[in-house]
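Structure, as structure tokens:
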Amino acid sequence: MADIFVVIEHRLGELREISLQMLTKADELGRKLSAGVTAVLLAGPEDGFENEIAVRADRLIVCRHDRLKNYDSDWSKELLSRIIAEHQPFLTLIGHTPWGLDLAPALAVKTGRPLATDCLEIAVTDGRPEVIRQIYGGKMFSRIAFQEAPGYLIMVRPGAFPAEQIQRGPAQVVKLEVPSDLAPSRREVFEYVDSSAGEVDITQAELLVSIGRGVGDEENILLVKELADLMGGTLSCSRPVVDKHWLSKAHQVGTSGKSVKPKVYLALGISGAFQHLAGIGGAGVVLAVNKDDKAPIFRRADYGAVADLFEVIEALKEKLKG
Ligand SMILES: Cc1cc2nc3c(=O)[nH]c(=O)nc-3n(C[C@H](O)[C@H](O)[C@H](O)COP(=O)(O)OP(=O)(O)OC[C@H]3O[C@@H](n4cnc5c(N)ncnc54)[C@H](O)[C@@H]3O)c2cc1C
């Protein structure tokens, strides 16, 4: 079987977690299908992380140029469509990220390959991929099968797969020069401005203490923040907390917020609407505190307390301080 390709994503000189997650999934599929795993890296001349990738793939196709230090939309589409046309991979995995959302649809058009976006699971049945996607804002799952095609493009939702310490390589490194006939890029990156600069990155937190409308009032957030600090956790929240401007958008978990994958997720006064639960699919242990024993969060929680959240916060603080 032809290889599984993983398009490596990086930013500001750092490998993005999604790259390692896709390499982990590619490794699993590769073992099942007896297919090789090829990582494709478009990067700047000085960018490192080649070794980190090489242990996780059988082959690393790498093209380096000053212009590729930052994501270059025109060049990436052109280079990757040529690489796909030449190597004819069975599957090409691309992150369902802002970077991937610019890249993948254009690649589908250029290569004539079918594309499935925002996939949470990938299997191969009778030589064709089948993927699982969430629809209706996470209320339902749909299974998508592809018609026969020379190869398939699949966008992977960040957090859908773990980033494991797999050992596949050392990869054979294939160096590509930028072709001389490549048209000049029409765009230039001047700088990255992080919308949440100086703020939390809840996607990387190992322990999230998350609050919902049940916290009642903005001033009560201080009590929860004290608990989060004592526990060494990070504060996150449901959408109403952001809508009320109690916490910034960077803290929001869910379909219109962030997908998170902490080891522990403590939900305080969150009902567990499906738009919220869609964001904690990758969480390890979920703990919920809610006054209402019928709150849907309890269906997702591993441990639950039907209680007033303020009483639980005080009891936890006592315990942690004592
Ligand atoms: C297109 C769309 C996108 C959306 N995206 C998101 C998203 O990304 N993230 C998100 O979270 N939501 C999202 N929502 C909103 C979602 O539908 C819910 O309205 C929201 O998640 C509810 O937030 P909540 O659980 O904090 O509030 P509520 O549903 O009001 O629940 C509050 C809970 O607190 C409990 N409670 C109250 N007081 C206490 C107390 N003292 N102690 C213990 N428990 C108490 C109550 O029993 C209740 O269960 C979206 C909605 C739409 C339409």
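Each chain in the structure tokens gets a letter, A, B and so on, in the order shown; residues start at 1 in every chain, and ligands are counted from 1 in the order they appear.
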
Next item on the list: Could you pull out the residues sitting within 8 Å of ligand 1, using only C-alpha atoms and all ligand atoms, and write them as a ChimeraX atom specification?
Entry: /A:137,211-216,237-241,252-258,268-277,279,289-293,295-297,306-310

Checklist line | Close residues, region 172-183 of chain A itself excluded, 12 Å, only C-alpha atoms, min 3 positions apart in chain, as a ChimeraX atom specification | finding: /A:36-45,50-51,53-68,74-80,82-83,168-169,186-187

Output C-alpha atoms for every residue in that selection, as a compact mmCIF listing (two decimals), in the first residue's frame.
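Writing done, so here's again.txt:
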# COMPACT_ATOMS: atom_id res chain seq x y z
CA GLY A 36 4.90 3.51 5.46
CA VAL A 37 4.60 6.91 7.14
CA THR A 38 6.08 9.95 5.37
CA ALA A 39 6.29 13.33 7.10
CA VAL A 40 6.41 16.36 4.84
CA LEU A 41 8.13 19.40 6.29
CA LEU A 42 8.21 22.82 4.64
CA ALA A 43 10.35 25.03 6.86
CA GLY A 44 12.95 27.79 7.14
CA PRO A 45 16.69 27.04 6.76
CA GLU A 50 13.83 17.51 12.11
CA ASN A 51 15.08 14.93 14.66
CA ILE A 53 9.95 14.08 13.40
CA ALA A 54 12.51 11.62 12.03
CA VAL A 55 12.00 9.15 14.91
CA ARG A 56 8.29 9.03 14.18
CA ALA A 57 8.31 8.41 10.40
CA ASP A 58 9.87 6.10 7.83
CA ARG A 59 10.64 8.97 5.51
CA LEU A 60 10.91 12.73 5.88
CA ILE A 61 10.53 14.89 2.80
CA VAL A 62 11.91 18.28 3.69
CA CYS A 63 12.03 21.49 1.70
CA ARG A 64 13.75 24.48 3.30
CA HIS A 65 13.69 28.10 2.24
CA ASP A 66 13.55 31.50 3.93
CA ARG A 67 10.02 31.95 2.65
CA LEU A 68 8.91 28.74 4.36
CA ASP A 74 0.94 30.05 -2.20
CA TRP A 75 4.17 28.11 -1.97
CA SER A 76 2.79 25.49 0.43
CA LYS A 77 -0.15 24.73 -1.86
CA GLU A 78 2.07 24.50 -4.92
CA LEU A 79 4.87 22.49 -3.29
CA LEU A 80 2.53 20.05 -1.55
CA ARG A 82 3.55 18.63 -6.60
CA ILE A 83 4.79 16.31 -3.83
CA ARG A 168 9.28 4.33 13.91
CA GLY A 169 12.38 5.92 12.34
CA ARG A 186 1.55 36.87 -3.47
CA ARG A 187 1.62 37.24 0.30

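The protein and nucleic acid residues lying at most 7 Å from Gly304 (chain A) are Leu287, Ala288, Val289, Phe298, Ala301, Asp302 and Val306 of chain A, with only C-alpha atoms considered and sequence neighbours fewer than 2 positions away removed.
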
Output the selection as a compact mmCIF listing (two decimals), in the first residue's frame - C-alpha atoms for each residue.
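Dumped everything to selection_26.txt:
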# COMPACT_ATOMS: atom_id res chain seq x y z
CA LEU A 287 -15.15 15.88 37.81
CA ALA A 288 -18.43 17.77 38.02
CA VAL A 289 -20.11 19.79 40.74
CA PHE A 298 -23.05 14.03 35.07
CA ALA A 301 -18.35 12.99 34.38
CA ASP A 302 -16.27 10.22 35.93
CA VAL A 306 -24.57 17.06 43.58

Next item on the list: Can you list, as a PyMOL selection string, all residues belonging to region 62-159 of chain A that DSSP tags as strand (DSSP E or B)?
Entry: chain A and resi 62-64+91-95+115-125+128-135+140-145+152-156

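Using only C-alpha atoms, the nearest neighbour of Ala205 (chain A) within the list A:Gly232, A:Gly95, A:Pro262, A:Gly13 is A:Pro262.
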